[in-house]
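Novice: I have a structure here, written as structure tokens, and I will follow up with some questions on it.
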Amino acid sequence: MQETLFIIKPDGVRRGLVGEVLRRIERRGFQLTRMELRQANKDILAQHYADLLEKPFYHQIETYMLEGPIVVGTFYGSDAVKTWRKTMGVTNPAEAELGTIRADFAQGPDSNGDMRNMVHGSDSVESAQREIAIWFGED
Ligand code: ADP
Ligand code: MG
């Protein structure tokens with residue numbers, strides 16, 4: 001059993017797709033353990049995306065994630081980390097498999113290289129623990 005961290009990014013909240021995402025989590029049998037609607041800020045994003053700070057597209061991530069409120073939460077269950085990554089689909093929505101959240105709902109990249117891939121999921125158990133500590137101030 002594992003716990004993972006998910007984020008419904010600003011486009012998901014703005015487009016009214018929170019319910020769609022939560023439905024996919026709940027119907028898999030995962031147990032929601034924390035959830036909050038909140039506004040990110042530059043500091044918390046720099047912690048969360050620490051490994052991407054030096055990337056040329058970091059400012060695009062920042063702009064995207066600050067566009068509006070996000071839903072940050074955690075859920076618990078069997079193989080939660082990997083199952084959620086598979087449910088989301090790969091980073092680029094244009095390359096994501098049909099049936100994944102990113103293929104079915106997300107947008108981009110556009111001509112500026114901007115992409116809104118709508119959801120986040122921790123990529124390992126260690127990342128999940130690190131990210132839960134960042135967003136919820138605990139391990
Ligand atoms: P994932 O979210 O699939 O784990 P990464 O950890 O590689 O992907 O990147 C984190 C986030 O940064 C992505 O979800 C996406 O929002 C943004 N991102 C990644 N690569 C690019 C890129 N080349 N151009 C613009 N944004 C990007
Ligand atoms: Mg990642």
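Naming scheme: A, B, ... for chains in displayed order of the structure tokens; residues 1 onward per chain; ligands 1 onward as shown.
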Can you work out which residues are within 6 Å of ligand 1, considering only C-alpha atoms and all ligand atoms, and then hand them over as number ranges by chain?
Specialist: A: 57, 60-61, 90-91, 113-115, 117, 120
Novice: Residues of chain A within 10 Å of ligand 2: nearest atom pair and distance (Å, one decimal) for each, counting only C-alpha atoms and all ligand atoms, sorted by chain and number, as a Markdown table?
Specialist:
| residue | atom | partner | partner_atom_place_in_ligand_line | distance |
| --- | --- | --- | --- | --- |
| A:His48 | CA | ligand 2 | 1 (Mg) | 9.3 |
| A:Tyr49 | CA | ligand 2 | 1 (Mg) | 7.8 |
| A:Asp51 | CA | ligand 2 | 1 (Mg) | 8.8 |
| A:Leu52 | CA | ligand 2 | 1 (Mg) | 8.9 |
| A:Arg85 | CA | ligand 2 | 1 (Mg) | 9.5 |
| A:Val90 | CA | ligand 2 | 1 (Mg) | 9.9 |
| A:Thr91 | CA | ligand 2 | 1 (Mg) | 8.0 |
| A:His120 | CA | ligand 2 | 1 (Mg) | 7.3 |
| A:Gly121 | CA | ligand 2 | 1 (Mg) | 7.1 |
| A:Ser122 | CA | ligand 2 | 1 (Mg) | 6.4 |
| A:Asp123 | CA | ligand 2 | 1 (Mg) | 5.9 |
| A:Ser124 | CA | ligand 2 | 1 (Mg) | 9.4 |
| A:Ser127 | CA | ligand 2 | 1 (Mg) | 8.9 |
Novice: Hey, which of A:Ala50, A:Leu22, A:Ala40, A:Ala94 ends up closest to Pro10 in chain A? Count only C-alpha atoms.
Specialist: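 Going through A:Ala50, A:Leu22, A:Ala40, A:Ala94 one by one, the smallest distance to Pro10 in chain A is for A:Ala40.
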Novice: Within 9 Å of Val21 in chain A, counting only C-alpha atoms, which residues show up once you throw out same-chain ones fewer than 6 positions away? Write them as number ranges by chain, please.
Specialist: A: 8, 12, 101, 119
Novice: Output N, CA, C and O atoms for every residue in that selection, as an mmCIF file, in the first residue's frame.
Specialist:
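Final output, saved to part_35.cif:
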data_model
loop_
_atom_site.group_PDB
_atom_site.id
_atom_site.type_symbol
_atom_site.label_atom_id
_atom_site.label_comp_id
_atom_site.auth_asym_id
_atom_site.auth_seq_id
_atom_site.Cartn_x
_atom_site.Cartn_y
_atom_site.Cartn_z
ATOM 1 N N ILE A 8 -4.594 18.752 -9.292
ATOM 2 C CA ILE A 8 -5.398 19.145 -10.452
ATOM 3 C C ILE A 8 -4.996 20.587 -10.748
ATOM 4 O O ILE A 8 -5.204 21.491 -9.940
ATOM 5 N N GLY A 12 -7.544 22.402 -15.068
ATOM 6 C CA GLY A 12 -8.533 21.412 -14.641
ATOM 7 C C GLY A 12 -9.604 22.020 -13.755
ATOM 8 O O GLY A 12 -10.797 21.734 -13.900
ATOM 9 N N ILE A 101 -6.036 10.548 -18.618
ATOM 10 C CA ILE A 101 -6.568 11.896 -18.362
ATOM 11 C C ILE A 101 -5.921 12.906 -19.304
ATOM 12 O O ILE A 101 -6.602 13.759 -19.882
ATOM 13 N N VAL A 119 -2.903 17.570 -14.826
ATOM 14 C CA VAL A 119 -2.737 16.834 -13.572
ATOM 15 C C VAL A 119 -1.263 16.575 -13.270
ATOM 16 O O VAL A 119 -0.429 16.549 -14.174
#
Novice: Would you please extract all helix (DSSP H, G or I) residues from range 22-82 of chain A, as assigned by DSSP on the backbone, and give them as a ChimeraX atom specification?
Specialist: /A:22-27,42-48,50-52,58-65,80-82
Novice: Give me a file of those residues, with N, CA and C atoms, as an mmCIF file, in the first residue's frame.
Specialist:
data_model
loop_
_atom_site.group_PDB
_atom_site.id
_atom_site.type_symbol
_atom_site.label_atom_id
_atom_site.label_comp_id
_atom_site.auth_asym_id
_atom_site.auth_seq_id
_atom_site.Cartn_x
_atom_site.Cartn_y
_atom_site.Cartn_z
ATOM 1 N N LEU A 22 -11.435 13.278 -9.777
ATOM 2 C CA LEU A 22 -11.695 12.573 -8.507
ATOM 3 C C LEU A 22 -12.439 11.263 -8.757
ATOM 4 N N ARG A 23 -13.327 11.268 -9.750
ATOM 5 C CA ARG A 23 -14.075 10.053 -10.093
ATOM 6 C C ARG A 23 -13.118 8.927 -10.487
ATOM 7 N N ARG A 24 -12.095 9.279 -11.251
ATOM 8 C CA ARG A 24 -11.141 8.247 -11.681
ATOM 9 C C ARG A 24 -10.331 7.702 -10.508
ATOM 10 N N ILE A 25 -10.033 8.572 -9.552
ATOM 11 C CA ILE A 25 -9.315 8.110 -8.361
ATOM 12 C C ILE A 25 -10.227 7.207 -7.529
ATOM 13 N N GLU A 26 -11.427 7.683 -7.291
ATOM 14 C CA GLU A 26 -12.323 6.958 -6.372
ATOM 15 C C GLU A 26 -12.796 5.634 -6.955
ATOM 16 N N ARG A 27 -13.075 5.619 -8.253
ATOM 17 C CA ARG A 27 -13.630 4.368 -8.798
ATOM 18 C C ARG A 27 -12.580 3.275 -8.934
ATOM 19 N N LYS A 42 5.266 31.121 -5.973
ATOM 20 C CA LYS A 42 6.563 30.802 -6.585
ATOM 21 C C LYS A 42 7.438 29.954 -5.672
ATOM 22 N N ASP A 43 7.375 30.230 -4.389
ATOM 23 C CA ASP A 43 8.235 29.518 -3.443
ATOM 24 C C ASP A 43 7.887 28.029 -3.363
ATOM 25 N N ILE A 44 6.603 27.737 -3.228
ATOM 26 C CA ILE A 44 6.220 26.318 -3.090
ATOM 27 C C ILE A 44 6.442 25.581 -4.414
ATOM 28 N N LEU A 45 6.261 26.275 -5.534
ATOM 29 C CA LEU A 45 6.521 25.641 -6.835
ATOM 30 C C LEU A 45 8.007 25.341 -7.021
ATOM 31 N N ALA A 46 8.859 26.239 -6.536
ATOM 32 C CA ALA A 46 10.310 26.009 -6.646
ATOM 33 C C ALA A 46 10.721 24.790 -5.826
ATOM 34 N N GLN A 47 10.058 24.570 -4.705
ATOM 35 C CA GLN A 47 10.349 23.357 -3.923
ATOM 36 C C GLN A 47 9.825 22.114 -4.651
ATOM 37 N N HIS A 48 8.577 22.212 -5.099
ATOM 38 C CA HIS A 48 7.931 21.063 -5.739
ATOM 39 C C HIS A 48 8.661 20.655 -7.021
ATOM 40 N N ALA A 50 11.814 21.344 -7.881
ATOM 41 C CA ALA A 50 13.241 21.661 -7.649
ATOM 42 C C ALA A 50 14.138 21.104 -8.753
ATOM 43 N N ASP A 51 13.825 19.926 -9.269
ATOM 44 C CA ASP A 51 14.685 19.306 -10.286
ATOM 45 C C ASP A 51 14.518 19.948 -11.663
ATOM 46 N N LEU A 52 13.563 20.873 -11.821
ATOM 47 C CA LEU A 52 13.332 21.513 -13.120
ATOM 48 C C LEU A 52 13.683 22.994 -13.120
ATOM 49 N N TYR A 58 11.279 26.542 -17.309
ATOM 50 C CA TYR A 58 10.757 26.637 -15.942
ATOM 51 C C TYR A 58 9.757 27.787 -15.788
ATOM 52 N N HIS A 59 10.023 28.924 -16.442
ATOM 53 C CA HIS A 59 9.091 30.059 -16.312
ATOM 54 C C HIS A 59 7.708 29.716 -16.864
ATOM 55 N N GLN A 60 7.662 28.816 -17.863
ATOM 56 C CA GLN A 60 6.351 28.394 -18.394
ATOM 57 C C GLN A 60 5.587 27.578 -17.350
ATOM 58 N N ILE A 61 6.320 26.723 -16.644
ATOM 59 C CA ILE A 61 5.680 25.938 -15.583
ATOM 60 C C ILE A 61 5.106 26.881 -14.525
ATOM 61 N N GLU A 62 5.926 27.863 -14.136
ATOM 62 C CA GLU A 62 5.517 28.810 -13.095
ATOM 63 C C GLU A 62 4.262 29.580 -13.519
ATOM 64 N N THR A 63 4.296 30.103 -14.738
ATOM 65 C CA THR A 63 3.153 30.880 -15.239
ATOM 66 C C THR A 63 1.889 30.018 -15.259
ATOM 67 N N TYR A 64 2.041 28.814 -15.772
ATOM 68 C CA TYR A 64 0.911 27.877 -15.849
ATOM 69 C C TYR A 64 0.342 27.586 -14.459
ATOM 70 N N MET A 65 1.213 27.226 -13.544
ATOM 71 C CA MET A 65 0.742 26.773 -12.230
ATOM 72 C C MET A 65 0.186 27.905 -11.372
ATOM 73 N N ALA A 80 -0.365 2.794 -5.572
ATOM 74 C CA ALA A 80 -0.986 4.093 -5.901
ATOM 75 C C ALA A 80 -0.106 4.949 -6.820
ATOM 76 N N VAL A 81 1.216 4.956 -6.584
ATOM 77 C CA VAL A 81 2.098 5.847 -7.349
ATOM 78 C C VAL A 81 2.070 5.490 -8.832
ATOM 79 N N LYS A 82 2.361 4.245 -9.135
ATOM 80 C CA LYS A 82 2.448 3.843 -10.541
ATOM 81 C C LYS A 82 1.074 3.840 -11.215
#
Novice: Pick out the closest residue to Ile132 in chain A from this set: A:Thr4, A:Asn41, A:Thr87, A:Ser111. Count only C-alpha atoms.
Specialist: A:Thr4
Novice: Would you kindly return, as number ranges by chain, each protein, DNA or RNA residue with an atom no farther than 8 Å from any atom of Leu32 in chain A, considering only C-alpha atoms and excluding same-chain residues fewer than 6 positions away?
Specialist: A: 26, 73-76
Novice: Output N, CA, C and O atoms for every residue in that selection, as a compact mmCIF listing (two decimals), in the first residue's frame.
Specialist:
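Generated file (part15.txt):
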# COMPACT_ATOMS: atom_id res chain seq x y z
N GLU A 26 -11.43 7.68 -7.29
CA GLU A 26 -12.32 6.96 -6.37
C GLU A 26 -12.80 5.63 -6.95
O GLU A 26 -12.90 4.64 -6.25
N GLY A 73 -3.98 17.09 -3.37
CA GLY A 73 -4.49 16.06 -2.48
C GLY A 73 -3.60 14.83 -2.45
O GLY A 73 -2.59 14.75 -3.17
N THR A 74 -3.99 13.89 -1.62
CA THR A 74 -3.29 12.62 -1.54
C THR A 74 -4.33 11.51 -1.51
O THR A 74 -5.47 11.71 -1.08
N PHE A 75 -3.92 10.37 -1.99
CA PHE A 75 -4.76 9.18 -1.81
C PHE A 75 -3.88 7.97 -1.57
O PHE A 75 -2.67 7.99 -1.82
N TYR A 76 -4.54 6.94 -1.12
CA TYR A 76 -3.87 5.79 -0.55
C TYR A 76 -4.44 4.53 -1.19
O TYR A 76 -5.64 4.44 -1.46
Novice: Can you measure CA of Ile70 in chain A to CA of Phe136 in chain A for me? One decimal in Å is fine.
Specialist: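 That distance, rounded to one decimal, is 14.0 Å.
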Novice: Kindly give the distance, in Å, that separates CA of Lys9 in chain A and CA of Ile134 in chain A, rounded to a single decimal.
Specialist: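 About the pair CA of Lys9 in chain A and CA of Ile134 in chain A: they are 16.3 Å apart.
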Novice: Please report the interatomic distance between CA of Val71 in chain A and CA of Met35 in chain A in Å with one decimal.
Specialist: 6.9 Å
Novice: May I have the residues within 9 Å of Val72 in chain A as a list of chain:residue names, using only C-alpha atoms and disregarding those fewer than 5 positions away in the same chain?
Specialist: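 The filter keeps A:Leu5, A:Phe6, A:Ile7, A:Ile8, A:Lys9, A:Arg34, A:Met35, A:Glu36, A:Leu37, A:Arg38, A:Trp135.
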Novice: Pick out each residue of chain A that DSSP on the backbone tags as strand (DSSP E or B); I need them as a list in words.
Specialist: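 Filtering chain A to strand (DSSP E or B) leaves Gln2, Glu3, Thr4, Leu5, Phe6, Ile7, Ile8, Gln31, Leu32, Thr33, Arg34, Met35, Glu36, Leu37, Arg38, Ile70, Val71, Val72, Gly73, Thr74, Phe75, Tyr76, Gly77, Gln107, Arg116, Val119, His120 and Gly121 of chain A.
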Novice: Give me a file of those residues, with N, CA, C and O atoms, as a CSV table (one decimal), in the first residue's frame.
Specialist:
chain,number,residue,atom,x,y,z
A,2,GLN,N,0.5,2.2,-0.7
A,2,GLN,CA,1.2,3.5,-0.9
A,2,GLN,C,0.3,4.7,-0.8
A,2,GLN,O,-0.9,4.6,-1.1
A,3,GLU,N,0.9,5.8,-0.5
A,3,GLU,CA,0.2,7.1,-0.7
A,3,GLU,C,0.9,7.9,-1.7
A,3,GLU,O,2.1,7.9,-1.8
A,4,THR,N,0.1,8.6,-2.6
A,4,THR,CA,0.7,9.5,-3.6
A,4,THR,C,0.1,10.8,-3.5
A,4,THR,O,-1.0,11.0,-2.9
A,5,LEU,N,0.8,11.8,-4.1
A,5,LEU,CA,0.3,13.2,-4.1
A,5,LEU,C,-0.2,13.5,-5.6
A,5,LEU,O,0.5,13.2,-6.5
A,6,PHE,N,-1.4,14.1,-5.7
A,6,PHE,CA,-1.9,14.5,-7.0
A,6,PHE,C,-2.2,16.0,-6.9
A,6,PHE,O,-2.5,16.5,-5.9
A,7,ILE,N,-2.1,16.6,-8.1
A,7,ILE,CA,-2.5,18.0,-8.2
A,7,ILE,C,-3.5,18.1,-9.5
A,7,ILE,O,-3.1,17.5,-10.5
A,8,ILE,N,-4.6,18.8,-9.3
A,8,ILE,CA,-5.4,19.1,-10.5
A,8,ILE,C,-5.0,20.6,-10.7
A,8,ILE,O,-5.2,21.5,-9.9
A,31,GLN,N,-8.4,5.6,-1.7
A,31,GLN,CA,-9.0,6.3,-0.6
A,31,GLN,C,-8.4,7.7,-0.5
A,31,GLN,O,-7.1,7.8,-0.3
A,32,LEU,N,-9.2,8.7,-0.7
A,32,LEU,CA,-8.7,10.1,-0.5
A,32,LEU,C,-8.3,10.3,0.9
A,32,LEU,O,-9.0,9.9,1.8
A,33,THR,N,-7.1,10.9,1.1
A,33,THR,CA,-6.6,11.1,2.5
A,33,THR,C,-6.4,12.6,2.9
A,33,THR,O,-6.4,12.9,4.0
A,34,ARG,N,-6.2,13.4,1.9
A,34,ARG,CA,-6.1,14.9,2.1
A,34,ARG,C,-6.6,15.5,0.8
A,34,ARG,O,-6.3,15.0,-0.3
A,35,MET,N,-7.1,16.7,0.9
A,35,MET,CA,-7.5,17.5,-0.3
A,35,MET,C,-7.8,18.9,0.0
A,35,MET,O,-8.4,19.2,1.0
A,36,GLU,N,-7.3,19.8,-0.8
A,36,GLU,CA,-7.4,21.2,-0.5
A,36,GLU,C,-7.4,22.0,-1.8
A,36,GLU,O,-6.6,21.7,-2.7
A,37,LEU,N,-8.3,23.0,-1.9
A,37,LEU,CA,-8.3,24.0,-3.0
A,37,LEU,C,-7.4,25.1,-2.6
A,37,LEU,O,-7.6,25.7,-1.6
A,38,ARG,N,-6.3,25.4,-3.4
A,38,ARG,CA,-5.5,26.5,-2.9
A,38,ARG,C,-4.8,27.1,-4.1
A,38,ARG,O,-4.8,26.6,-5.2
A,70,ILE,N,-5.6,25.6,-7.6
A,70,ILE,CA,-5.3,24.2,-7.9
A,70,ILE,C,-6.0,23.3,-6.8
A,70,ILE,O,-6.2,23.8,-5.7
A,71,VAL,N,-6.2,22.1,-7.1
A,71,VAL,CA,-6.6,21.1,-6.0
A,71,VAL,C,-5.3,20.2,-5.8
A,71,VAL,O,-4.8,19.7,-6.7
A,72,VAL,N,-4.9,20.2,-4.5
A,72,VAL,CA,-3.8,19.4,-4.1
A,72,VAL,C,-4.3,18.3,-3.2
A,72,VAL,O,-5.1,18.7,-2.2
A,73,GLY,N,-4.0,17.1,-3.4
A,73,GLY,CA,-4.5,16.1,-2.5
A,73,GLY,C,-3.6,14.8,-2.5
A,73,GLY,O,-2.6,14.8,-3.2
A,74,THR,N,-4.0,13.9,-1.6
A,74,THR,CA,-3.3,12.6,-1.5
A,74,THR,C,-4.3,11.5,-1.5
A,74,THR,O,-5.5,11.7,-1.1
A,75,PHE,N,-3.9,10.4,-2.0
A,75,PHE,CA,-4.8,9.2,-1.8
A,75,PHE,C,-3.9,8.0,-1.6
A,75,PHE,O,-2.7,8.0,-1.8
A,76,TYR,N,-4.5,6.9,-1.1
A,76,TYR,CA,-3.9,5.8,-0.6
A,76,TYR,C,-4.4,4.5,-1.2
A,76,TYR,O,-5.6,4.4,-1.5
A,77,GLY,N,-3.6,3.6,-1.5
A,77,GLY,CA,-4.1,2.3,-2.0
A,77,GLY,C,-2.9,1.5,-2.5
A,77,GLY,O,-1.8,1.8,-2.5
A,107,GLN,N,-4.5,19.7,-22.9
A,107,GLN,CA,-4.3,20.5,-24.1
A,107,GLN,C,-2.8,20.8,-24.3
A,107,GLN,O,-2.1,21.0,-23.4
A,116,ARG,N,-0.7,22.4,-21.3
A,116,ARG,CA,-1.5,22.3,-20.0
A,116,ARG,C,-1.9,20.9,-19.9
A,116,ARG,O,-2.9,20.5,-20.5
A,119,VAL,N,-2.9,17.6,-14.8
A,119,VAL,CA,-2.7,16.8,-13.6
A,119,VAL,C,-1.3,16.6,-13.3
A,119,VAL,O,-0.4,16.5,-14.2
A,120,HIS,N,-1.0,16.4,-12.0
A,120,HIS,CA,0.3,16.0,-11.5
A,120,HIS,C,0.2,14.7,-10.7
A,120,HIS,O,-0.8,14.5,-10.0
A,121,GLY,N,1.2,13.9,-10.7
A,121,GLY,CA,1.3,12.8,-9.8
A,121,GLY,C,2.8,12.5,-9.5
A,121,GLY,O,3.6,12.6,-10.4
